[in-house]
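For reference, data15.csv is printed below; it contains CSV, C-alpha atoms.
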```
chain,number,residue,atom,x,y,z
A,216,MET,CA,0.0,0.0,0.0
A,217,ASN,CA,1.0,3.6,-0.3
A,218,ALA,CA,2.3,4.4,3.2
A,219,PRO,CA,2.4,2.7,6.6
A,220,ARG,CA,-0.2,3.7,9.2
A,221,THR,CA,2.4,5.2,11.4
A,222,ALA,CA,2.9,7.9,8.8
A,223,ALA,CA,-0.7,9.1,9.4
A,224,ARG,CA,-1.5,11.8,11.9
A,225,ASN,CA,-2.9,10.5,15.2
A,226,ALA,CA,-2.3,6.8,14.2
A,227,PRO,CA,-1.8,4.3,17.1
A,228,THR,CA,1.8,3.5,17.7
A,229,GLY,CA,1.5,0.2,19.4
A,230,PRO,CA,0.2,-3.2,18.4
A,231,SER,CA,-3.6,-3.7,18.2
A,232,PRO,CA,-5.2,-4.7,21.5
A,233,PHE,CA,-7.3,-7.1,19.4
A,234,ARG,CA,-4.3,-8.8,17.8
A,235,VAL,CA,-4.5,-12.6,17.0
A,236,GLU,CA,-2.2,-14.7,19.0
A,237,ALA,CA,-1.2,-17.7,16.9
A,238,ASP,CA,1.7,-19.3,15.0
A,239,ALA,CA,2.6,-18.0,11.6
A,240,LEU,CA,0.6,-19.3,8.7
A,241,PRO,CA,2.5,-22.1,6.9
A,242,ALA,CA,3.2,-21.2,3.3
A,243,GLU,CA,1.6,-24.3,1.9
A,244,LYS,CA,-1.9,-23.4,3.3
A,245,PHE,CA,-4.4,-21.6,1.1
A,246,SER,CA,-2.2,-21.9,-1.9
A,247,ASP,CA,-4.5,-24.0,-4.2
A,248,PRO,CA,-8.2,-23.1,-4.8
A,249,LEU,CA,-9.2,-26.7,-5.2
A,250,VAL,CA,-7.3,-28.6,-2.5
A,251,THR,CA,-5.9,-27.9,1.0
A,252,ALA,CA,-2.3,-28.4,2.1
A,253,LYS,CA,-3.3,-31.9,3.2
A,254,GLY,CA,-4.7,-32.7,-0.2
A,255,GLU,CA,-8.4,-32.6,0.8
A,256,GLN,CA,-11.1,-31.1,-1.3
A,257,ARG,CA,-11.4,-27.4,-0.4
A,258,ALA,CA,-14.9,-26.2,0.4
A,259,SER,CA,-16.6,-23.7,-1.9
A,260,VAL,CA,-19.7,-21.6,-1.7
A,261,ALA,CA,-22.4,-21.0,-4.3
A,262,LEU,CA,-24.2,-17.7,-4.7
A,263,THR,CA,-27.8,-18.5,-3.7
A,264,LYS,CA,-29.1,-15.0,-4.1
A,265,LEU,CA,-27.5,-11.6,-4.2
A,266,ASP,CA,-29.1,-10.2,-1.1
A,267,THR,CA,-26.5,-7.5,-0.4
A,268,LEU,CA,-24.4,-5.6,-2.9
A,269,TRP,CA,-21.5,-3.8,-1.2
A,270,LEU,CA,-20.1,-0.7,-2.8
A,271,ASN,CA,-16.5,0.0,-1.6
A,272,THR,CA,-16.3,3.8,-1.7
A,273,GLY,CA,-12.5,3.8,-1.6
A,274,THR,CA,-9.8,3.0,0.9
A,275,LEU,CA,-9.0,6.6,2.0
A,276,CYS,CA,-10.0,7.1,5.6
A,277,ASN,CA,-9.6,9.8,8.3
A,278,LEU,CA,-8.1,7.2,10.6
A,279,ALA,CA,-5.3,4.7,10.4
A,280,CYS,CA,-6.2,1.8,12.7
A,281,ALA,CA,-3.7,-0.6,14.1
A,282,THR,CA,-5.3,-3.6,12.3
A,283,CYS,CA,-7.5,-2.5,9.4
A,284,TYR,CA,-8.3,-5.6,7.3
A,285,ILE,CA,-8.4,-3.4,4.1
A,286,GLU,CA,-5.4,-1.2,5.2
A,287,SER,CA,-7.4,2.0,4.9
A,288,SER,CA,-5.7,5.2,6.0
A,289,PRO,CA,-5.4,8.9,5.0
A,290,THR,CA,-2.8,7.9,2.5
A,291,ASN,CA,-3.9,4.6,1.0
A,292,ASP,CA,-5.8,5.0,-2.2
A,293,ALA,CA,-5.2,1.5,-3.5
A,294,LEU,CA,-9.0,1.5,-4.0
A,295,VAL,CA,-9.9,4.8,-5.5
A,296,TYR,CA,-13.2,6.7,-4.9
A,297,LEU,CA,-16.1,4.9,-6.6
A,298,SER,CA,-18.0,7.3,-8.8
A,299,ALA,CA,-21.8,7.7,-8.8
A,300,GLU,CA,-21.8,7.0,-12.5
A,301,HIS,CA,-20.1,3.7,-12.0
A,302,ALA,CA,-22.2,2.8,-9.0
A,303,ALA,CA,-25.4,3.4,-11.0
A,304,ARG,CA,-24.5,0.7,-13.4
A,305,PHE,CA,-24.2,-1.9,-10.6
A,306,LEU,CA,-27.3,-0.6,-8.9
A,307,GLY,CA,-29.2,-1.2,-12.1
A,308,GLU,CA,-27.9,-4.8,-12.3
A,309,ALA,CA,-28.8,-5.3,-8.6
A,310,GLU,CA,-32.4,-4.2,-9.3
A,311,GLN,CA,-32.7,-6.8,-12.0
A,312,ALA,CA,-31.2,-9.4,-9.5
A,313,GLY,CA,-33.8,-8.6,-6.8
A,314,THR,CA,-31.2,-7.4,-4.4
A,315,ARG,CA,-32.5,-6.2,-1.0
A,316,GLU,CA,-29.7,-4.2,0.4
A,317,ILE,CA,-26.9,-1.9,-0.7
A,318,GLY,CA,-24.0,-1.7,1.7
A,319,PHE,CA,-21.4,1.1,1.7
A,320,THR,CA,-18.0,0.5,3.1
A,321,GLY,CA,-14.5,1.9,2.8
A,322,GLY,CA,-12.3,3.5,4.0
A,323,GLU,CA,-14.6,6.0,5.4
A,324,PRO,CA,-17.6,6.2,3.0
A,325,PHE,CA,-18.4,9.9,3.7
A,326,MET,CA,-15.0,11.0,2.5
A,327,ASN,CA,-16.1,10.0,-1.1
A,328,PRO,CA,-17.4,13.2,-2.8
A,329,ASP,CA,-20.1,11.1,-4.5
A,330,MET,CA,-21.3,9.3,-1.4
A,331,MET,CA,-24.5,11.2,-0.8
A,332,VAL,CA,-25.5,10.9,-4.5
A,333,MET,CA,-24.9,7.1,-4.4
A,334,LEU,CA,-26.8,6.8,-1.1
A,335,GLU,CA,-29.8,8.7,-2.3
A,336,ASP,CA,-29.8,6.8,-5.6
A,337,SER,CA,-29.8,3.5,-3.7
A,338,LEU,CA,-32.7,4.5,-1.5
A,339,ALA,CA,-34.7,6.0,-4.3
A,340,ARG,CA,-34.5,2.8,-6.2
A,341,GLY,CA,-36.1,1.0,-3.3
A,342,PHE,CA,-33.1,-0.7,-1.7
A,343,GLU,CA,-32.4,-0.7,1.9
A,344,ALA,CA,-29.0,1.0,2.6
A,345,LEU,CA,-26.4,0.1,5.2
A,346,VAL,CA,-23.5,2.5,5.7
A,347,LEU,CA,-20.4,1.6,7.7
A,348,THR,CA,-18.9,4.7,9.2
A,349,ASN,CA,-16.8,5.9,12.1
A,350,ALA,CA,-19.4,8.8,12.6
A,351,MET,CA,-16.6,11.4,12.8
A,352,LYS,CA,-16.1,14.6,11.0
A,353,PRO,CA,-16.6,13.3,7.4
A,354,MET,CA,-20.1,12.1,8.3
A,355,ARG,CA,-20.9,15.2,10.4
A,356,ARG,CA,-20.4,17.4,7.3
A,357,HIS,CA,-23.5,15.8,5.8
A,358,GLU,CA,-25.9,16.2,8.7
A,359,ALA,CA,-28.5,18.2,6.8
A,360,ALA,CA,-28.5,15.8,3.9
A,361,LEU,CA,-28.7,12.8,6.2
A,362,LEU,CA,-31.6,14.2,8.1
A,363,ALA,CA,-33.4,14.8,4.7
A,364,LEU,CA,-32.8,11.1,3.8
A,365,ARG,CA,-34.1,9.9,7.2
A,366,GLU,CA,-37.2,12.0,6.8
A,367,GLN,CA,-37.8,10.6,3.3
A,368,PHE,CA,-36.8,7.0,3.7
A,369,GLY,CA,-37.0,6.3,7.4
A,370,ASP,CA,-35.5,3.0,8.6
A,371,LYS,CA,-34.6,2.0,5.1
A,372,LEU,CA,-31.4,3.7,5.9
A,373,THR,CA,-29.2,2.3,8.7
A,374,LEU,CA,-25.8,3.6,9.8
A,375,ARG,CA,-23.5,1.2,11.6
A,376,VAL,CA,-20.9,3.0,13.7
A,377,SER,CA,-17.5,1.4,14.4
A,378,LEU,CA,-17.0,1.6,18.2
A,379,ASP,CA,-14.3,-1.0,18.6
A,380,HIS,CA,-14.7,-1.3,22.4
A,381,HIS,CA,-16.8,-0.1,25.2
A,382,THR,CA,-13.8,1.6,26.8
A,383,LYS,CA,-12.0,4.6,25.5
A,384,GLU,CA,-8.6,3.1,26.3
A,385,VAL,CA,-9.0,0.0,24.1
A,386,HIS,CA,-10.9,1.9,21.3
A,387,GLU,CA,-8.1,4.4,21.0
A,388,GLY,CA,-5.5,1.7,21.3
A,389,GLU,CA,-6.9,0.4,18.0
A,390,ARG,CA,-8.1,3.7,16.3
A,391,GLY,CA,-5.6,6.2,17.6
A,392,PRO,CA,-5.7,9.1,20.1
A,393,ARG,CA,-8.7,11.5,20.0
A,394,SER,CA,-10.9,9.1,18.1
A,395,TRP,CA,-13.2,8.1,21.0
A,396,GLU,CA,-15.1,11.3,21.8
A,397,PRO,CA,-15.8,12.3,18.2
A,398,GLY,CA,-17.0,8.9,17.3
A,399,LEU,CA,-19.2,8.6,20.4
A,400,ASP,CA,-20.6,12.1,19.7
A,401,GLY,CA,-21.5,11.2,16.2
A,402,LEU,CA,-23.3,8.1,17.4
A,403,ARG,CA,-25.2,10.2,20.0
A,404,TRP,CA,-26.2,12.6,17.2
A,405,LEU,CA,-27.6,9.8,15.1
A,406,SER,CA,-29.5,8.3,18.0
A,407,GLN,CA,-30.9,11.7,19.1
A,408,ASN,CA,-32.2,12.3,15.6
A,409,GLY,CA,-34.0,9.0,15.2
A,410,PHE,CA,-31.8,7.2,12.7
A,411,SER,CA,-31.8,3.4,12.5
A,412,ILE,CA,-28.4,2.7,14.0
A,413,ALA,CA,-26.1,-0.1,14.9
A,414,VAL,CA,-22.6,-0.5,16.3
A,415,ALA,CA,-19.7,-2.7,15.2
A,416,GLY,CA,-17.4,-3.8,18.1
A,417,ARG,CA,-14.7,-6.3,18.8
A,418,LEU,CA,-13.8,-8.6,21.6
A,419,LEU,CA,-10.5,-8.6,23.5
A,420,PRO,CA,-8.8,-12.1,23.5
A,421,GLU,CA,-9.8,-12.7,27.1
A,422,GLU,CA,-13.3,-11.1,26.9
A,423,GLY,CA,-16.5,-13.1,26.6
A,424,GLU,CA,-19.4,-12.0,24.4
A,425,VAL,CA,-21.9,-11.9,27.3
A,426,ALA,CA,-19.7,-9.6,29.4
A,427,ALA,CA,-18.9,-7.4,26.4
A,428,ARG,CA,-22.6,-7.0,25.6
A,429,ASP,CA,-23.4,-6.1,29.2
A,430,CYS,CA,-20.6,-3.4,29.1
A,431,TYR,CA,-21.8,-2.0,25.8
A,432,ALA,CA,-25.3,-1.9,27.2
A,433,ALA,CA,-24.1,0.1,30.2
A,434,LEU,CA,-22.3,2.5,27.9
A,435,PHE,CA,-25.4,3.0,25.7
A,436,GLU,CA,-27.5,3.7,28.7
A,437,ARG,CA,-25.1,6.3,30.1
A,438,GLU,CA,-24.9,8.0,26.8
A,439,ALA,CA,-28.6,7.8,25.9
A,440,ILE,CA,-27.9,5.8,22.8
A,441,ALA,CA,-30.9,3.9,21.5
A,442,ILE,CA,-29.3,0.5,20.8
A,443,ASP,CA,-30.2,-2.9,22.3
A,444,ALA,CA,-26.7,-4.3,23.0
A,445,HIS,CA,-28.1,-7.8,23.3
A,446,ASP,CA,-29.5,-7.7,19.8
A,447,PRO,CA,-26.8,-9.2,17.5
A,448,ALA,CA,-28.1,-7.2,14.6
A,449,ARG,CA,-27.7,-3.9,16.5
A,450,LEU,CA,-24.4,-4.7,18.2
A,451,VAL,CA,-22.3,-6.7,15.9
A,452,LEU,CA,-19.2,-8.2,17.5
A,453,PHE,CA,-16.7,-9.3,14.9
A,454,PRO,CA,-14.0,-12.0,15.3
A,455,GLU,CA,-10.4,-10.9,14.8
A,456,MET,CA,-8.6,-11.4,11.5
A,457,ASP,CA,-4.9,-11.8,10.6
A,458,GLU,CA,-4.1,-13.4,7.3
A,459,ASP,CA,-0.5,-14.1,8.5
A,460,LYS,CA,-1.6,-16.3,11.4
A,461,ASP,CA,-2.3,-20.0,11.3
A,462,ILE,CA,-5.9,-21.2,11.0
A,463,ALA,CA,-7.5,-24.5,9.8
A,464,GLU,CA,-8.4,-24.7,6.1
A,465,ILE,CA,-12.1,-25.5,5.3
A,466,THR,CA,-12.8,-28.7,3.5
A,467,THR,CA,-16.0,-30.1,2.1
A,468,GLU,CA,-16.1,-32.4,5.2
A,469,CYS,CA,-16.1,-29.4,7.5
A,470,TRP,CA,-19.8,-28.5,6.8
A,471,GLY,CA,-21.0,-31.7,8.5
A,472,ILE,CA,-18.3,-31.7,11.2
A,473,LEU,CA,-19.1,-28.1,12.2
A,474,GLY,CA,-22.9,-28.4,11.6
A,475,LYS,CA,-22.8,-25.5,9.2
A,476,SER,CA,-24.1,-24.9,5.7
A,477,PRO,CA,-22.5,-23.1,2.8
A,478,GLN,CA,-25.6,-21.0,2.6
A,479,ASP,CA,-24.7,-19.4,5.9
A,480,ILE,CA,-21.4,-18.0,4.6
A,481,MET,CA,-21.3,-14.3,3.5
A,482,CYS,CA,-20.3,-15.0,-0.2
A,483,ALA,CA,-23.5,-17.1,-0.6
A,484,SER,CA,-25.5,-13.8,-0.5
A,485,SER,CA,-23.2,-10.9,-1.2
A,486,ARG,CA,-20.7,-9.4,-3.6
A,487,MET,CA,-18.6,-6.2,-3.5
A,488,VAL,CA,-17.7,-3.6,-6.1
A,489,VAL,CA,-14.2,-2.2,-6.0
A,490,HIS,CA,-12.3,0.3,-8.2
A,491,ARG,CA,-8.6,-0.5,-8.0
A,492,LYS,CA,-6.1,2.3,-8.6
A,493,GLY,CA,-4.8,2.1,-12.2
A,494,GLU,CA,-7.8,0.1,-13.5
A,495,PRO,CA,-10.2,1.8,-16.0
A,496,ALA,CA,-13.4,0.6,-14.3
A,497,PRO,CA,-14.7,-1.1,-11.2
A,498,ARG,CA,-14.8,-4.8,-10.8
A,499,VAL,CA,-16.7,-7.3,-8.6
A,500,VAL,CA,-15.1,-9.3,-5.9
A,501,ALA,CA,-16.4,-12.2,-3.9
A,502,CYS,CA,-16.0,-10.7,-0.4
A,503,THR,CA,-15.9,-7.5,1.5
A,504,LEU,CA,-12.8,-8.7,3.4
A,505,ILE,CA,-10.6,-9.6,0.4
A,506,PRO,CA,-10.5,-6.8,-2.2
A,507,TYR,CA,-6.9,-7.3,-3.4
A,508,ASP,CA,-6.6,-11.0,-4.0
A,509,ASP,CA,-6.9,-11.9,-7.7
A,510,GLY,CA,-8.4,-15.3,-6.8
A,511,PHE,CA,-11.5,-13.4,-5.5
A,512,ASP,CA,-11.9,-11.1,-8.5
A,513,LEU,CA,-15.0,-12.4,-10.3
A,514,GLY,CA,-15.4,-10.0,-13.2
A,515,GLU,CA,-16.8,-6.7,-14.5
A,516,THR,CA,-20.5,-7.4,-13.9
A,517,LEU,CA,-22.7,-8.9,-11.3
A,518,ALA,CA,-23.7,-11.6,-13.8
A,519,GLU,CA,-20.1,-12.6,-14.3
A,520,ALA,CA,-19.6,-12.7,-10.5
A,521,SER,CA,-22.3,-15.3,-9.9
A,522,GLY,CA,-20.0,-18.3,-9.8
A,523,ASP,CA,-18.9,-20.4,-6.9
A,524,VAL,CA,-16.2,-19.1,-4.5
A,525,PRO,CA,-13.5,-21.4,-3.2
A,526,LEU,CA,-12.7,-20.7,0.5
A,527,ASN,CA,-9.1,-20.2,-0.3
A,528,HIS,CA,-8.1,-17.4,2.2
A,529,PRO,CA,-7.5,-17.4,6.0
A,530,HIS,CA,-10.3,-14.8,6.4
A,531,CYS,CA,-12.8,-17.4,5.0
A,532,ALA,CA,-11.9,-19.7,7.9
A,533,ARG,CA,-11.3,-17.3,10.7
A,534,PHE,CA,-14.1,-14.8,10.1
A,535,CYS,CA,-16.8,-16.6,8.2
A,536,VAL,CA,-16.8,-20.3,8.8
A,537,LEU,CA,-15.2,-20.6,12.3
A,538,GLY,CA,-16.1,-17.1,13.4
A,539,GLY,CA,-19.7,-17.3,12.1
A,540,ALA,CA,-19.6,-13.6,11.2
A,541,SER,CA,-21.1,-11.6,8.3
A,542,CYS,CA,-20.7,-7.9,7.4
A,543,SER,CA,-24.4,-7.8,6.7
A,544,ALA,CA,-26.8,-7.7,9.6
```

Same coordinates, now as structure tokens:
Amino acid sequence: MNAPRTAARNAPTGPSPFRVEADALPAEKFSDPLVTAKGEQRASVALTKLDTLWLNTGTLCNLACATCYIESSPTNDALVYLSAEHAARFLGEAEQAGTREIGFTGGEPFMNPDMMVMLEDSLARGFEALVLTNAMKPMRRHEAALLALREQFGDKLTLRVSLDHHTKEVHEGERGPRSWEPGLDGLRWLSQNGFSIAVAGRLLPEEGEVAARDCYAALFEREAIAIDAHDPARLVLFPEMDEDKDIAEITTECWGILGKSPQDIMCASSRMVVHRKGEPAPRVVACTLIPYDDGFDLGETLAEASGDVPLNHPHCARFCVLGGASCSA
């Protein structure tokens, strides 16, 4: 990427408080899309229905977190700003596919100069819209426009705010100094103005989910934030990811062993549009978590991107299959 996070203003200087503790990933793992390092058949996932189309607005962000899976920062434009014109083509395809939801992710989506045009276009076409944001200054610049969209479209618009932990110390250990109060203030503003809101958080290695939800609930009560911390759709607690750390590969036998179905995995119901720097037009990738890997590049159109996805990346195992997580609610 273009610059290390430590070159960014207010970046955290230490390791992430959420870092994965594991051995290094052996080089032979996740090297073949068809078979695992042990020679077993690798699991794959078929697209059952395109329920959520994600639009990556670009990797530029006002923060440089300690462990950003997509390496967003104030200097990383590896994914350039998606234009409203390009987005409209994919929204048209999504209409034909019967897609329910358009998700916006980045980077920080509200840094994209076309963000409000794309958001209004999505809602006007009848989609639900989910925006992942840190609720800081880039979002606050659009308060009047957001209030107008809430008035017109109500709960069809949801904003999910990244509040990595229920304590300032841990949150700023991940997101950098002076990131807690502005983010919390943006979340309070959304709540006070009646938006449909959610929070995305994370668990420390020794922290249990029940205890974390109780602590978030206490925070939301203190701050008068209208979120039920015990509703997993309103407080999403994501598992940690590190593609350099060892994790089991997922074989076709794992579905039965784990009691899971391929239909439960994120790539069974979603795709993401990205515009890579230096490329003439956006392309479709299989997963919100893996924008740079050529093995997950599925083509220029949603129709081309409807094929099966081999689970050939550590994130497939750690986040989706074993972690049981999804970026959609």

Residues near Cys502 (chain A), cut-off 9 Å, all atoms listed in the file, skip fewer than 4 positions along chain, as a list in words: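 Once the nearby chain positions are removed, what remains is Trp269, Met481, Cys482, Ser485, Arg486, Met487, Pro506 and Phe511 of chain A.
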
Dump C-alpha atoms for the selected residues as a short mmCIF file (atom, residue, chain, number, x, y, z; two decimals), in the frame of the given file?
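Dumped to part.cif:
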```cif
data_model
loop_
_atom_site.label_atom_id
_atom_site.label_comp_id
_atom_site.auth_asym_id
_atom_site.auth_seq_id
_atom_site.Cartn_x
_atom_site.Cartn_y
_atom_site.Cartn_z
CA TRP A 269 -21.50 -3.80 -1.20
CA MET A 481 -21.30 -14.30 3.50
CA CYS A 482 -20.30 -15.00 -0.20
CA SER A 485 -23.20 -10.90 -1.20
CA ARG A 486 -20.70 -9.40 -3.60
CA MET A 487 -18.60 -6.20 -3.50
CA PRO A 506 -10.50 -6.80 -2.20
CA PHE A 511 -11.50 -13.40 -5.50
#
```

Could you produce a table of the residues of region 325-416 of chain A lying within 10 Å of region 425-431 of chain A, with the nearest pair of atoms per residue and their separation in Å rounded to one decimal, using all atoms listed in the file, ordered by chain and increasing residue number, as CSV?
```
residue,atom,partner,partner_atom,distance
A:Leu378,CA,A:Tyr431,CA,9.7
A:His380,CA,A:Tyr431,CA,7.9
A:His381,CA,A:Tyr431,CA,5.4
A:Thr382,CA,A:Cys430,CA,8.7
A:Val414,CA,A:Tyr431,CA,9.7
A:Gly416,CA,A:Tyr431,CA,9.0
```

Would you kindly return, as a short mmCIF file (atom, residue, chain, number, x, y, z; two decimals) with C-alpha atoms, in the coordinates of the input, each protein, DNA or RNA residue with an atom no farther than 9 Å from any atom of Gly321 (chain A), considering only C-alpha atoms and excluding same-chain residues fewer than 6 positions away?
```cif
data_model
loop_
_atom_site.label_atom_id
_atom_site.label_comp_id
_atom_site.auth_asym_id
_atom_site.auth_seq_id
_atom_site.Cartn_x
_atom_site.Cartn_y
_atom_site.Cartn_z
CA LEU A 270 -20.10 -0.70 -2.80
CA ASN A 271 -16.50 0.00 -1.60
CA THR A 272 -16.30 3.80 -1.70
CA GLY A 273 -12.50 3.80 -1.60
CA THR A 274 -9.80 3.00 0.90
CA LEU A 275 -9.00 6.60 2.00
CA CYS A 276 -10.00 7.10 5.60
CA ILE A 285 -8.40 -3.40 4.10
CA SER A 287 -7.40 2.00 4.90
CA LEU A 294 -9.00 1.50 -4.00
CA LEU A 347 -20.40 1.60 7.70
CA THR A 348 -18.90 4.70 9.20
#
```

Around the point (-0.6, 1.6, 24.0) in the file's coordinates, collect all residues with an atom within 9 Å, using all atoms listed in the file, and return them as a list of chain:residue names. A:Pro227, A:Thr228, A:Gly229, A:Pro230, A:Ser231, A:Pro232, A:Glu384, A:Val385, A:Glu387, A:Gly388, A:Glu389

In Å to one decimal, how far is CA of Phe410 (chain A) from CA of Ala302 (chain A)? 24.1 Å

Considering all atoms listed in the file, state which residue in the set A:Cys280, A:Leu450, A:Ala532, A:Ala312 is at the smallest distance from Leu262 (chain A). A:Ala312

For the atom pair CA of Glu494 (chain A) and CA of Met354 (chain A), what is the interatomic distance in Å to one decimal place? 27.8 Å

At what distance in Å, to one decimal, does CA of Gly510 (chain A) lie from CA of Glu255 (chain A)?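 Taking CA of Glu255 (chain A) as the start and CA of Gly510 (chain A) as the end point, the length is 18.9 Å.
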
Taking 5 positions as the minimum chain separation for residues in the same chain, which residues sit within 10 Å of Gln367 (chain A) when counting only C-alpha atoms? Answer as a PyMOL selection string. chain A and resi 335+338-339+361-362+372

Neighbours of Glu519 (chain A) within 12 Å (all atoms listed in the file; same-chain residues fewer than 4 positions away dropped), as a short mmCIF file (atom, residue, chain, number, x, y, z; two decimals) with C-alpha atoms, in the frame of the given file?
```
data_model
loop_
_atom_site.label_atom_id
_atom_site.label_comp_id
_atom_site.auth_asym_id
_atom_site.auth_seq_id
_atom_site.Cartn_x
_atom_site.Cartn_y
_atom_site.Cartn_z
CA LEU A 262 -24.20 -17.70 -4.70
CA GLU A 308 -27.90 -4.80 -12.30
CA ARG A 486 -20.70 -9.40 -3.60
CA ARG A 498 -14.80 -4.80 -10.80
CA VAL A 499 -16.70 -7.30 -8.60
CA VAL A 500 -15.10 -9.30 -5.90
CA ALA A 501 -16.40 -12.20 -3.90
CA ASP A 512 -11.90 -11.10 -8.50
CA LEU A 513 -15.00 -12.40 -10.30
CA GLY A 514 -15.40 -10.00 -13.20
CA GLU A 515 -16.80 -6.70 -14.50
CA ASP A 523 -18.90 -20.40 -6.90
#
```

Of the candidates A:Leu265, A:Leu278, A:Cys531, A:Val488, which shows the shortest atom-to-atom distance to Leu297 (chain A), using only C-alpha atoms?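 Using only C-alpha atoms, Leu297 (chain A) sits closest to A:Val488.
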
Which of these residues is nearest to Tyr507 (chain A), using all atoms listed in the file: A:Ile440, A:Ala293, A:Leu526, A:Ala415?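 Using all atoms listed in the file, Tyr507 (chain A) sits closest to A:Ala293.
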
Need the neighbours of (-21.0, -24.3, 4.7): which residues are at most 12 Å away, counting only C-alpha atoms, as a PyMOL selection string? chain A and resi 257-262+465-483+524-526+531-532+535-537+539

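Comparing A:Gly398, A:Lys492, A:Pro248, A:Lys460 by their smallest distance to Pro529 (chain A), the closest is A:Lys460 (using all atoms listed in the file).
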
Choose the residue, out of A:Ala299, A:Val489, A:Val376, A:Ala360, that has the smallest atom-to-atom separation from Met333 (chain A); count only C-alpha atoms. A:Ala299

For region 348-359 of chain A, which lacks atoms in the input, supply N, CA and C atoms and format the output as an mmCIF file, in the coordinates of the input.
```cif
data_model
loop_
_atom_site.group_PDB
_atom_site.id
_atom_site.type_symbol
_atom_site.label_atom_id
_atom_site.label_comp_id
_atom_site.auth_asym_id
_atom_site.auth_seq_id
_atom_site.Cartn_x
_atom_site.Cartn_y
_atom_site.Cartn_z
ATOM 1 N N THR A 348 -19.578 3.413 9.049
ATOM 2 C CA THR A 348 -18.900 4.700 9.200
ATOM 3 C C THR A 348 -18.308 4.801 10.622
ATOM 4 N N ASN A 349 -17.313 5.656 10.779
ATOM 5 C CA ASN A 349 -16.800 5.900 12.100
ATOM 6 C C ASN A 349 -17.514 7.102 12.783
ATOM 7 N N ALA A 350 -18.480 7.708 12.065
ATOM 8 C CA ALA A 350 -19.400 8.800 12.600
ATOM 9 C C ALA A 350 -18.596 10.013 13.032
ATOM 10 N N MET A 351 -17.420 10.207 12.481
ATOM 11 C CA MET A 351 -16.600 11.400 12.800
ATOM 12 C C MET A 351 -16.847 12.516 11.836
ATOM 13 N N LYS A 352 -15.891 13.400 11.720
ATOM 14 C CA LYS A 352 -16.100 14.600 11.000
ATOM 15 C C LYS A 352 -16.569 14.419 9.519
ATOM 16 N N PRO A 353 -16.057 13.424 8.764
ATOM 17 C CA PRO A 353 -16.600 13.300 7.400
ATOM 18 C C PRO A 353 -18.086 13.047 7.345
ATOM 19 N N MET A 354 -18.633 12.266 8.292
ATOM 20 C CA MET A 354 -20.100 12.100 8.300
ATOM 21 C C MET A 354 -20.800 13.349 8.785
ATOM 22 N N ARG A 355 -20.244 14.032 9.773
ATOM 23 C CA ARG A 355 -20.900 15.200 10.400
ATOM 24 C C ARG A 355 -21.071 16.327 9.349
ATOM 25 N N ARG A 356 -20.220 16.351 8.336
ATOM 26 C CA ARG A 356 -20.400 17.400 7.300
ATOM 27 C C ARG A 356 -21.663 17.233 6.511
ATOM 28 N N HIS A 357 -22.274 16.070 6.597
ATOM 29 C CA HIS A 357 -23.500 15.800 5.800
ATOM 30 C C HIS A 357 -24.733 15.682 6.660
ATOM 31 N N GLU A 358 -24.726 16.323 7.811
ATOM 32 C CA GLU A 358 -25.900 16.200 8.700
ATOM 33 C C GLU A 358 -27.181 16.575 8.068
ATOM 34 N N ALA A 359 -27.221 17.712 7.398
ATOM 35 C CA ALA A 359 -28.500 18.200 6.800
ATOM 36 C C ALA A 359 -28.989 17.191 5.749
#
```
